[in-house]
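Undergrad: For reference, this is start30.cif, and it has mmCIF, C-alpha atoms.
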data_protein
loop_
_atom_site.label_atom_id
_atom_site.label_comp_id
_atom_site.auth_asym_id
_atom_site.auth_seq_id
_atom_site.Cartn_x
_atom_site.Cartn_y
_atom_site.Cartn_z
CA MET A 135 -219.87 231.63 -67.76
CA GLN A 136 -217.11 229.03 -67.71
CA GLN A 137 -215.55 228.18 -71.06
CA VAL A 138 -214.70 224.51 -71.49
CA ARG A 139 -212.76 222.96 -74.34
CA PRO A 140 -214.68 219.74 -75.13
CA PRO A 141 -212.94 216.53 -76.24
CA ALA A 142 -212.22 216.55 -79.96
CA VAL A 143 -210.83 213.05 -80.56
CA ALA A 144 -212.80 210.90 -78.09
CA GLY A 145 -214.12 207.94 -80.04
CA ALA A 146 -211.23 208.17 -82.48
CA PHE A 147 -207.92 208.19 -80.59
CA TYR A 148 -209.45 206.68 -77.45
CA GLN A 149 -212.79 205.42 -76.15
CA SER A 150 -215.59 207.96 -75.78
CA HIS A 151 -217.49 205.96 -73.14
CA ARG A 152 -216.37 206.97 -69.65
CA GLN A 153 -216.13 203.51 -68.10
CA SER A 154 -214.62 201.90 -71.18
CA LEU A 155 -211.96 204.61 -71.29
CA ALA A 156 -211.21 204.25 -67.58
CA ASN A 157 -210.89 200.49 -68.02
CA ASP A 158 -208.55 200.87 -71.01
CA VAL A 159 -206.25 203.34 -69.28
CA ASN A 160 -206.15 201.39 -66.03
CA ALA A 161 -205.36 198.16 -67.87
CA MET A 162 -202.42 199.80 -69.67
CA LEU A 163 -201.14 201.31 -66.42
CA GLU A 164 -201.48 198.03 -64.57
CA ALA A 165 -199.62 196.12 -67.27
CA THR A 166 -196.61 198.42 -67.04
CA ARG A 167 -196.65 198.62 -63.23
CA LEU A 168 -195.55 194.99 -63.19
CA ASN A 169 -192.19 196.17 -64.56
CA ILE A 170 -191.68 198.94 -61.98
CA SER A 171 -189.68 198.30 -58.83
CA GLU A 172 -191.19 199.14 -55.46
CA ILE A 173 -188.99 202.17 -54.75
CA GLN A 174 -189.64 204.83 -57.34
CA ILE A 175 -188.97 208.54 -57.62
CA SER A 176 -191.55 210.40 -59.65
CA PRO A 177 -189.95 212.11 -62.67
CA LYS A 178 -189.91 215.90 -62.91
CA ALA A 179 -190.68 215.66 -66.63
CA ILE A 180 -191.80 213.02 -69.09
CA ILE A 181 -191.91 212.68 -72.86
CA VAL A 182 -194.84 210.59 -74.10
CA PRO A 183 -196.31 209.71 -77.52
CA HIS A 184 -199.69 210.93 -78.74
CA ALA A 185 -201.09 208.43 -81.24
CA GLY A 186 -204.26 206.42 -80.80
CA TYR A 187 -204.16 204.34 -77.64
CA VAL A 188 -204.16 201.08 -79.60
CA TYR A 189 -200.82 202.10 -81.09
CA SER A 190 -198.97 204.11 -78.45
CA GLY A 191 -201.04 203.88 -75.27
CA PRO A 192 -198.94 201.16 -73.59
CA ILE A 193 -195.73 203.09 -74.32
CA ALA A 194 -197.21 206.25 -72.80
CA ALA A 195 -198.40 204.20 -69.81
CA ALA A 196 -194.79 203.25 -69.05
CA ALA A 197 -194.17 206.90 -68.13
CA TYR A 198 -197.52 207.65 -66.52
CA ALA A 199 -197.37 204.67 -64.17
CA ARG A 200 -194.28 206.21 -62.58
CA LEU A 201 -196.29 209.21 -61.44
CA ALA A 202 -198.38 207.14 -59.03
CA VAL A 203 -195.97 207.73 -56.14
CA ALA A 204 -196.55 211.48 -56.51
CA ARG A 205 -200.32 211.24 -56.92
CA ASP A 206 -201.02 213.69 -54.08
CA ILE A 207 -197.86 215.79 -54.56
CA ILE A 208 -198.29 216.92 -58.16
CA LYS A 209 -200.77 219.78 -58.25
CA ARG A 210 -199.91 221.39 -61.59
CA VAL A 211 -199.21 219.79 -64.97
CA VAL A 212 -197.51 221.88 -67.64
CA LEU A 213 -198.38 220.10 -70.88
CA LEU A 214 -196.69 220.97 -74.19
CA GLY A 215 -197.46 219.41 -77.56
CA PRO A 216 -196.99 220.32 -81.23
CA VAL A 217 -199.75 221.84 -83.31
CA HIS A 218 -201.04 219.62 -86.13
CA ARG A 219 -203.94 221.66 -87.55
CA VAL A 220 -203.65 225.37 -86.79
CA PRO A 221 -200.20 226.97 -87.15
CA VAL A 222 -199.10 229.42 -84.47
CA ARG A 223 -196.04 231.51 -83.79
CA GLY A 224 -194.72 230.64 -80.36
CA LEU A 225 -196.57 228.81 -77.60
CA ALA A 226 -200.35 229.13 -77.44
CA LEU A 227 -202.49 229.26 -74.32
CA PRO A 228 -206.05 227.98 -74.85
CA GLY A 229 -208.01 230.94 -73.53
CA VAL A 230 -210.52 228.70 -71.72
CA ASP A 231 -211.27 227.77 -68.11
CA ALA A 232 -211.15 223.98 -68.36
CA PHE A 233 -210.47 221.02 -70.64
CA ALA A 234 -212.94 218.13 -70.69
CA THR A 235 -212.58 214.43 -71.43
CA PRO A 236 -215.05 211.57 -70.89
CA LEU A 237 -213.46 211.24 -67.43
CA GLY A 238 -214.43 214.78 -66.41
CA GLU A 239 -213.12 218.34 -66.47
CA ILE A 240 -209.64 219.62 -65.60
CA GLU A 241 -209.34 223.20 -64.41
CA ILE A 242 -206.83 225.44 -66.19
CA ASP A 243 -204.20 226.94 -63.90
CA GLN A 244 -204.97 230.62 -64.46
CA ASN A 245 -202.20 231.81 -62.16
CA ALA A 246 -199.65 229.93 -64.24
CA ALA A 247 -201.19 231.30 -67.44
CA GLU A 248 -200.95 234.84 -66.10
CA ALA A 249 -197.27 234.27 -65.26
CA ILE A 250 -196.38 233.73 -68.93
CA VAL A 251 -199.09 235.47 -70.97
CA ASN A 252 -197.01 238.63 -71.41
CA MET A 253 -193.91 236.82 -72.62
CA ARG A 254 -193.10 237.71 -76.22
CA GLN A 255 -193.31 234.08 -77.41
CA VAL A 256 -196.67 233.33 -75.76
CA VAL A 257 -200.01 233.89 -77.51
CA VAL A 258 -203.61 232.96 -76.81
CA SER A 259 -205.28 230.80 -79.47
CA THR A 260 -208.46 228.89 -78.80
CA ALA A 261 -208.37 227.70 -82.41
CA ALA A 262 -204.94 226.07 -82.00
CA HIS A 263 -206.31 223.95 -79.15
CA ALA A 264 -209.80 223.21 -80.46
CA GLN A 265 -208.94 220.12 -82.55
CA GLU A 266 -205.42 219.39 -81.30
CA HIS A 267 -204.96 215.75 -80.30
CA SER A 268 -201.35 215.90 -79.08
CA LEU A 269 -202.48 217.46 -75.80
CA GLU A 270 -205.89 215.84 -75.44
CA VAL A 271 -204.74 212.21 -75.55
CA GLN A 272 -202.54 212.81 -72.49
CA LEU A 273 -205.42 213.97 -70.30
CA PRO A 274 -207.14 210.64 -69.48
CA PHE A 275 -203.79 209.24 -68.32
CA LEU A 276 -203.21 212.27 -66.09
CA GLN A 277 -206.75 212.05 -64.72
CA SER A 278 -206.19 208.38 -63.91
CA VAL A 279 -202.82 208.62 -62.14
CA LEU A 280 -203.01 211.98 -60.37
CA GLY A 281 -205.28 213.33 -57.67
CA ASP A 282 -206.44 216.94 -57.65
CA PHE A 283 -204.39 218.97 -60.14
CA LYS A 284 -204.64 221.95 -62.46
CA LEU A 285 -203.50 222.02 -66.08
CA LEU A 286 -201.50 224.47 -68.15
CA PRO A 287 -201.71 223.27 -71.78
CA LEU A 288 -199.53 224.91 -74.41
CA ALA A 289 -199.88 224.21 -78.13
CA VAL A 290 -196.40 224.75 -79.55
CA GLY A 291 -195.88 226.06 -83.05
CA ASP A 292 -192.92 227.94 -84.51
CA ALA A 293 -190.56 228.58 -81.60
CA THR A 294 -186.86 228.26 -80.82
CA PRO A 295 -185.59 225.84 -78.18
CA GLU A 296 -184.61 228.84 -76.06
CA GLU A 297 -188.11 230.33 -76.28
CA VAL A 298 -189.63 227.06 -75.08
CA ALA A 299 -187.02 226.71 -72.33
CA GLU A 300 -187.71 230.26 -71.12
CA VAL A 301 -191.37 229.43 -70.62
CA LEU A 302 -190.51 226.18 -68.84
CA GLU A 303 -188.16 228.10 -66.54
CA VAL A 304 -190.94 230.43 -65.40
CA LEU A 305 -193.26 227.47 -64.74
CA TRP A 306 -190.62 225.06 -63.35
CA GLY A 307 -191.76 225.17 -59.72
CA GLY A 308 -190.95 222.35 -57.30
CA PRO A 309 -192.28 218.81 -56.73
CA GLU A 310 -195.82 220.10 -57.19
CA THR A 311 -195.16 220.79 -60.89
CA LEU A 312 -194.89 218.09 -63.56
CA ILE A 313 -193.80 218.84 -67.12
CA VAL A 314 -195.24 216.65 -69.88
CA ILE A 315 -193.97 216.84 -73.46
CA SER A 316 -196.11 215.14 -76.11
CA SER A 317 -194.18 213.84 -79.11
CA ASP A 318 -194.04 210.89 -81.47
CA LEU A 319 -190.79 209.98 -83.22
CA SER A 320 -190.22 209.23 -86.93
CA HIS A 321 -193.15 209.09 -89.35
CA PHE A 322 -194.02 206.77 -92.25
CA LEU A 323 -190.68 205.04 -92.73
CA PRO A 324 -190.18 201.30 -93.34
CA TYR A 325 -189.97 199.37 -90.06
CA GLN A 326 -186.22 198.79 -89.90
CA THR A 327 -185.39 202.28 -91.17
CA ALA A 328 -187.63 203.74 -88.48
CA GLN A 329 -186.00 201.58 -85.81
CA ALA A 330 -182.55 202.87 -86.79
CA MET A 331 -183.61 206.52 -86.88
CA ASP A 332 -185.52 206.26 -83.61
CA ALA A 333 -182.60 204.55 -81.88
CA ASP A 334 -180.41 207.49 -82.86
CA THR A 335 -183.04 209.97 -81.64
CA VAL A 336 -183.30 208.13 -78.33
CA GLN A 337 -179.54 208.48 -77.83
CA ASN A 338 -179.72 212.21 -78.56
CA ILE A 339 -182.45 212.62 -75.94
CA LEU A 340 -180.61 210.50 -73.37
CA GLN A 341 -177.53 212.67 -73.86
CA LEU A 342 -179.63 215.88 -73.75
CA ARG A 343 -178.32 216.61 -77.22
CA GLY A 344 -180.42 218.78 -79.50
CA PRO A 345 -181.87 220.20 -81.49
CA LEU A 346 -183.97 217.42 -82.97
CA ASN A 347 -185.70 218.06 -86.29
CA HIS A 348 -189.31 217.24 -87.08
CA GLU A 349 -188.35 214.15 -89.08
CA GLN A 350 -186.85 212.74 -85.89
CA ALA A 351 -189.71 213.81 -83.61
CA CYS A 352 -192.93 215.54 -84.60
CA GLY A 353 -192.85 217.28 -81.22
CA GLY A 354 -189.24 218.27 -81.74
CA THR A 355 -189.88 221.91 -80.84
CA PRO A 356 -191.15 221.31 -77.28
CA VAL A 357 -188.70 218.41 -76.86
CA ASN A 358 -185.80 220.72 -77.74
CA GLY A 359 -186.93 223.22 -75.13
CA LEU A 360 -187.09 220.50 -72.51
CA LEU A 361 -183.61 219.25 -73.42
CA LEU A 362 -182.22 222.73 -72.78
CA ALA A 363 -184.08 223.10 -69.50
CA ALA A 364 -183.17 219.58 -68.40
CA LYS A 365 -179.48 220.28 -68.95
CA ARG A 366 -179.68 223.47 -66.89
CA HIS A 367 -181.50 221.70 -64.06
CA HIS A 368 -179.25 218.60 -64.20
CA LEU A 369 -182.13 216.21 -64.89
CA GLN A 370 -181.25 212.59 -65.62
CA PRO A 371 -183.18 211.14 -68.61
CA HIS A 372 -184.20 207.48 -68.82
CA LEU A 373 -185.78 205.56 -71.69
CA LEU A 374 -188.90 203.85 -70.38
CA ASP A 375 -190.29 202.19 -73.52
CA LEU A 376 -189.77 202.23 -77.29
CA GLY A 377 -191.66 200.82 -80.26
CA ASN A 378 -193.62 201.75 -83.36
CA SER A 379 -197.00 201.27 -84.99
CA GLY A 380 -195.73 198.23 -86.89
CA ASP A 381 -195.54 196.35 -83.59
CA THR A 382 -199.32 196.54 -83.16
CA SER A 383 -200.82 197.12 -86.61
CA GLY A 384 -198.79 194.48 -88.43
CA ASP A 385 -198.14 196.94 -91.28
CA ARG A 386 -194.39 197.46 -91.36
CA SER A 387 -194.18 199.35 -94.65
CA ARG A 388 -194.92 202.83 -93.18
CA VAL A 389 -194.66 203.08 -89.41
CA VAL A 390 -194.69 205.81 -86.76
CA GLY A 391 -192.19 205.63 -83.91
CA TYR A 392 -193.05 206.05 -80.23
CA ALA A 393 -190.99 206.34 -77.07
CA SER A 394 -191.49 207.40 -73.48
CA PHE A 395 -188.86 208.97 -71.24
CA GLY A 396 -188.63 210.04 -67.62
CA PHE A 397 -186.42 212.93 -66.51
CA ASP A 398 -185.45 212.62 -62.85
CA GLU A 399 -183.99 215.26 -60.58
CA GLU A 400 -180.59 214.51 -59.11
CA ILE A 401 -180.65 213.05 -55.61
CA ASP A 402 -178.25 214.53 -53.11
CA HIS A 403 -176.29 211.71 -51.47
CA VAL A 404 -175.16 212.39 -47.93
CA SER A 405 -172.19 210.25 -46.83
#
Step by step, read the file and then write its structure as structure tokens.

TA:
Amino acid sequence: MQQVRPPAVAGAFYQSHRQSLANDVNAMLEATRLNISEIQISPKAIIVPHAGYVYSGPIAAAAYARLAVARDIIKRVVLLGPVHRVPVRGLALPGVDAFATPLGEIEIDQNAAEAIVNMRQVVVSTAAHAQEHSLEVQLPFLQSVLGDFKLLPLAVGDATPEEVAEVLEVLWGGPETLIVISSDLSHFLPYQTAQAMDADTVQNILQLRGPLNHEQACGGTPVNGLLLAAKRHHLQPHLLDLGNSGDTSGDRSRVVGYASFGFDEEIDHVS
């Protein structure tokens, strides 16, 4: 019998009604597509925030809209996000066959899971995934912009940048594989203080300079692994959007920072 991880934060972080959710996601994607030039190369990796859609959805959409050109090329999504509820050592596979959202089910890439399950830093923890929002909130965007794809979700706990990078290396693949890192930036600082800290964090990411700490980015652990891997693969990072919860909530006393980045592969220029 197939084991499916049901949505845990539908109705809280995003709409639980299928059509309402589809409308919300498509509206955010369409709004950001207006700022994208006609000729686009789909990024190999993206970093996207994971708050409620009302706060960070449009910033995430700035990255997801750029995947449209690879809709039928990307067949596997390797999704890493930090654990918020259940601590784990290393990177946790979910131990299920599919993840579900109001938009439908996404099959887990079992071949990819088998490729890493025996690595020393990889564990299987259904509990770590059961209530984790950092991964779940990315799924409706992926379902909206991509065609037929399989998912490899990893809930990242206590791990070194090198341990994360090692896993990414095994799963790197070619154009058929997209890497998604879920991370917010600073948490609960005054608006201007957050802007200054987040601007510094953005520069570190753009220069592939780590490690970031968890005050700079709550998903610092998977981000740090990507920064290592991106440097080795000569990826070129770009800031796609930046803001914080004070921009939408109006409360600027304690804000959470959000940014989205695309990491592009180098293009060989033939003279």

Undergrad: Contacts of Leu285 of chain A at 12 Å or less, counting only C-alpha atoms, minus same-chain residues fewer than 4 places along, as a ChimeraX atom specification?

TA: /A:208-214,227-228,230-234,239-247,269-270,272-273,276-277,280,305,310-314

Undergrad: Ranking A:His367, A:Arg386, A:His151, A:His218 by minimum distance to Gly307 of chain A and counting only C-alpha atoms, which one comes first?

TA: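 Nearest to Gly307 of chain A: A:His367.
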
Undergrad: Which of these, A:Glu296, A:Asp375, A:Asp158, A:Glu400, has the shortest distance to Pro345 of chain A once you count all atoms listed in the file?

TA: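 Residue with the minimum atom-to-atom distance to Pro345 of chain A: A:Glu296.
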
Undergrad: Find the residue from A:Met331, A:Leu342, A:Val304, A:Ile207 that sits nearest to His368 of chain A; use only C-alpha atoms when measuring.

TA: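 For His368 of chain A, the nearest of the candidates is A:Leu342.
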
Undergrad: Mind telling me what the PyMOL selection byres ((chain A and resi 316) around 9) catches here, as a PDB file with C-alpha atoms, in the frame of the given file?

TA:
ATOM      1  CA  ILE A 180    -191.800 213.020 -69.090  1.00  0.00           C
ATOM      2  CA  ILE A 181    -191.910 212.680 -72.860  1.00  0.00           C
ATOM      3  CA  VAL A 182    -194.840 210.590 -74.100  1.00  0.00           C
ATOM      4  CA  PRO A 183    -196.310 209.710 -77.520  1.00  0.00           C
ATOM      5  CA  HIS A 184    -199.690 210.930 -78.740  1.00  0.00           C
ATOM      6  CA  LEU A 213    -198.380 220.100 -70.880  1.00  0.00           C
ATOM      7  CA  LEU A 214    -196.690 220.970 -74.190  1.00  0.00           C
ATOM      8  CA  GLY A 215    -197.460 219.410 -77.560  1.00  0.00           C
ATOM      9  CA  PRO A 216    -196.990 220.320 -81.230  1.00  0.00           C
ATOM     10  CA  SER A 268    -201.350 215.900 -79.080  1.00  0.00           C
ATOM     11  CA  LEU A 269    -202.480 217.460 -75.800  1.00  0.00           C
ATOM     12  CA  GLN A 272    -202.540 212.810 -72.490  1.00  0.00           C
ATOM     13  CA  VAL A 314    -195.240 216.650 -69.880  1.00  0.00           C
ATOM     14  CA  ILE A 315    -193.970 216.840 -73.460  1.00  0.00           C
ATOM     15  CA  SER A 317    -194.180 213.840 -79.110  1.00  0.00           C
ATOM     16  CA  ASP A 318    -194.040 210.890 -81.470  1.00  0.00           C
ATOM     17  CA  GLY A 353    -192.850 217.280 -81.220  1.00  0.00           C
ATOM     18  CA  PRO A 356    -191.150 221.310 -77.280  1.00  0.00           C
ATOM     19  CA  VAL A 357    -188.700 218.410 -76.860  1.00  0.00           C
TER      20      VAL A 357
END

Undergrad: Report the distance between atom CA of Phe395 of chain A and atom CA of Ala197 of chain A in Å, rounded to one decimal place.

TA: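 Between these atoms lies a distance of 6.5 Å.
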
Undergrad: Env of Gly396 of chain A: 8 Å cut, atoms = only C-alpha atoms, seq-sep filter 5 positions within chain, self excluded. Answer as a list of chain:residue names.

TA: A:Pro177, A:Lys178, A:Ala179, A:Ile180, A:Ile181, A:Ala197, A:Pro371, A:His372, A:Leu373, A:Leu374

Undergrad: Once the PyMOL selection byres ((chain A and resi 333-339) around 12) is applied to the coordinates I shared, what remains selected? I want it as an mmCIF file with C-alpha atoms, keeping the file's coordinate frame.

TA:
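Contents of out-v8.cif, as written:
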data_model
loop_
_atom_site.group_PDB
_atom_site.id
_atom_site.type_symbol
_atom_site.label_atom_id
_atom_site.label_comp_id
_atom_site.auth_asym_id
_atom_site.auth_seq_id
_atom_site.Cartn_x
_atom_site.Cartn_y
_atom_site.Cartn_z
ATOM 1 C CA ILE A 180 -191.800 213.020 -69.090
ATOM 2 C CA ILE A 181 -191.910 212.680 -72.860
ATOM 3 C CA ASP A 318 -194.040 210.890 -81.470
ATOM 4 C CA LEU A 319 -190.790 209.980 -83.220
ATOM 5 C CA SER A 320 -190.220 209.230 -86.930
ATOM 6 C CA GLN A 326 -186.220 198.790 -89.900
ATOM 7 C CA THR A 327 -185.390 202.280 -91.170
ATOM 8 C CA ALA A 328 -187.630 203.740 -88.480
ATOM 9 C CA GLN A 329 -186.000 201.580 -85.810
ATOM 10 C CA ALA A 330 -182.550 202.870 -86.790
ATOM 11 C CA MET A 331 -183.610 206.520 -86.880
ATOM 12 C CA ASP A 332 -185.520 206.260 -83.610
ATOM 13 C CA LEU A 340 -180.610 210.500 -73.370
ATOM 14 C CA GLN A 341 -177.530 212.670 -73.860
ATOM 15 C CA LEU A 342 -179.630 215.880 -73.750
ATOM 16 C CA ARG A 343 -178.320 216.610 -77.220
ATOM 17 C CA GLY A 344 -180.420 218.780 -79.500
ATOM 18 C CA PRO A 345 -181.870 220.200 -81.490
ATOM 19 C CA LEU A 346 -183.970 217.420 -82.970
ATOM 20 C CA ASN A 347 -185.700 218.060 -86.290
ATOM 21 C CA HIS A 348 -189.310 217.240 -87.080
ATOM 22 C CA GLU A 349 -188.350 214.150 -89.080
ATOM 23 C CA GLN A 350 -186.850 212.740 -85.890
ATOM 24 C CA ALA A 351 -189.710 213.810 -83.610
ATOM 25 C CA CYS A 352 -192.930 215.540 -84.600
ATOM 26 C CA GLY A 354 -189.240 218.270 -81.740
ATOM 27 C CA VAL A 357 -188.700 218.410 -76.860
ATOM 28 C CA ASN A 358 -185.800 220.720 -77.740
ATOM 29 C CA GLY A 359 -186.930 223.220 -75.130
ATOM 30 C CA LEU A 360 -187.090 220.500 -72.510
ATOM 31 C CA LEU A 361 -183.610 219.250 -73.420
ATOM 32 C CA LEU A 362 -182.220 222.730 -72.780
ATOM 33 C CA ALA A 364 -183.170 219.580 -68.400
ATOM 34 C CA LYS A 365 -179.480 220.280 -68.950
ATOM 35 C CA LEU A 369 -182.130 216.210 -64.890
ATOM 36 C CA GLN A 370 -181.250 212.590 -65.620
ATOM 37 C CA PRO A 371 -183.180 211.140 -68.610
ATOM 38 C CA HIS A 372 -184.200 207.480 -68.820
ATOM 39 C CA LEU A 373 -185.780 205.560 -71.690
ATOM 40 C CA LEU A 374 -188.900 203.850 -70.380
ATOM 41 C CA ASP A 375 -190.290 202.190 -73.520
ATOM 42 C CA LEU A 376 -189.770 202.230 -77.290
ATOM 43 C CA GLY A 377 -191.660 200.820 -80.260
ATOM 44 C CA ASN A 378 -193.620 201.750 -83.360
ATOM 45 C CA GLY A 391 -192.190 205.630 -83.910
ATOM 46 C CA TYR A 392 -193.050 206.050 -80.230
ATOM 47 C CA ALA A 393 -190.990 206.340 -77.070
ATOM 48 C CA SER A 394 -191.490 207.400 -73.480
ATOM 49 C CA PHE A 395 -188.860 208.970 -71.240
ATOM 50 C CA GLY A 396 -188.630 210.040 -67.620
ATOM 51 C CA PHE A 397 -186.420 212.930 -66.510
#

Undergrad: Produce a table with one row for each residue of segment 254-337 of chain A that has an atom at most 9 Å from any atom of segment 137-140 of chain A, each row naming the nearest atom pair and its distance in Å at one decimal; use all atoms listed in the file; arrange rows by chain and rising residue number; format as CSV.

TA:
residue,atom,partner,partner_atom,distance
A:Thr260,CA,A:Arg139,CA,8.6
A:His263,CA,A:Arg139,CA,8.1
A:Ala264,CA,A:Arg139,CA,6.8

Undergrad: Could you tell me how far atom CA of Leu286 of chain A sits from atom CA of Gly224 of chain A, in Å to one decimal place?

TA: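 Between atom CA of Gly224 of chain A and atom CA of Leu286 of chain A the gap works out to 15.3 Å.
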
Undergrad: What does the structure give for the distance between atom CA of Phe322 of chain A and atom CA of Ser387 of chain A, in Å to one decimal?

TA: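 About the pair atom CA of Phe322 of chain A and atom CA of Ser387 of chain A: they are 7.8 Å apart.
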
Undergrad: In terms of the shortest atom-to-atom distance over all atoms listed in the file, which of A:Val188, A:Val203, A:Val251, A:Leu155 is closest to Phe275 of chain A?

TA: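 Among the listed residues, A:Leu155 lies closest to Phe275 of chain A.
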
Undergrad: Can you work out which one of A:Val389, A:Ala299, A:Ala293, A:Val222 has the shortest atom-to-atom distance to Leu323 of chain A, counting all atoms listed in the file?

TA: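 Of the candidates, the smallest distance to Leu323 of chain A is held by A:Val389.
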
Undergrad: Using the file's own x, y and z axes, what box holds all listed atoms of segment 349-356 of chain A with 4 Å on each side, keeping edges along x, y and z, and what are its centre and edge lengths in Å to one decimal, as AutoDock Vina command-line options?

TA:
--center_x -189.9 --center_y 217.3 --center_z -83.2 --size_x 14.1 --size_y 17.2 --size_z 19.8

Undergrad: Give the answer as one residue: which of A:Ser259, A:Thr355, A:Ser383, A:Gln174 has the shortest atom-to-atom distance to Val298 of chain A, using only C-alpha atoms?

TA: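 Closest to Val298 of chain A, using only C-alpha atoms: A:Thr355.
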
Undergrad: Evaluating the PyMOL selection byres ((chain A and resi 160) around 10) on the displayed file yields which residues, as a short mmCIF file (atom, residue, chain, number, x, y, z; two decimals) with C-alpha atoms, in the coordinates of the input?

TA:
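Result saved to expr19.cif:
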data_model
loop_
_atom_site.label_atom_id
_atom_site.label_comp_id
_atom_site.auth_asym_id
_atom_site.auth_seq_id
_atom_site.Cartn_x
_atom_site.Cartn_y
_atom_site.Cartn_z
CA SER A 154 -214.62 201.90 -71.18
CA LEU A 155 -211.96 204.61 -71.29
CA ALA A 156 -211.21 204.25 -67.58
CA ASN A 157 -210.89 200.49 -68.02
CA ASP A 158 -208.55 200.87 -71.01
CA VAL A 159 -206.25 203.34 -69.28
CA ALA A 161 -205.36 198.16 -67.87
CA MET A 162 -202.42 199.80 -69.67
CA LEU A 163 -201.14 201.31 -66.42
CA GLU A 164 -201.48 198.03 -64.57
CA ALA A 165 -199.62 196.12 -67.27
CA ALA A 195 -198.40 204.20 -69.81
CA ALA A 199 -197.37 204.67 -64.17
CA PRO A 274 -207.14 210.64 -69.48
CA PHE A 275 -203.79 209.24 -68.32
CA SER A 278 -206.19 208.38 -63.91
CA VAL A 279 -202.82 208.62 -62.14
#
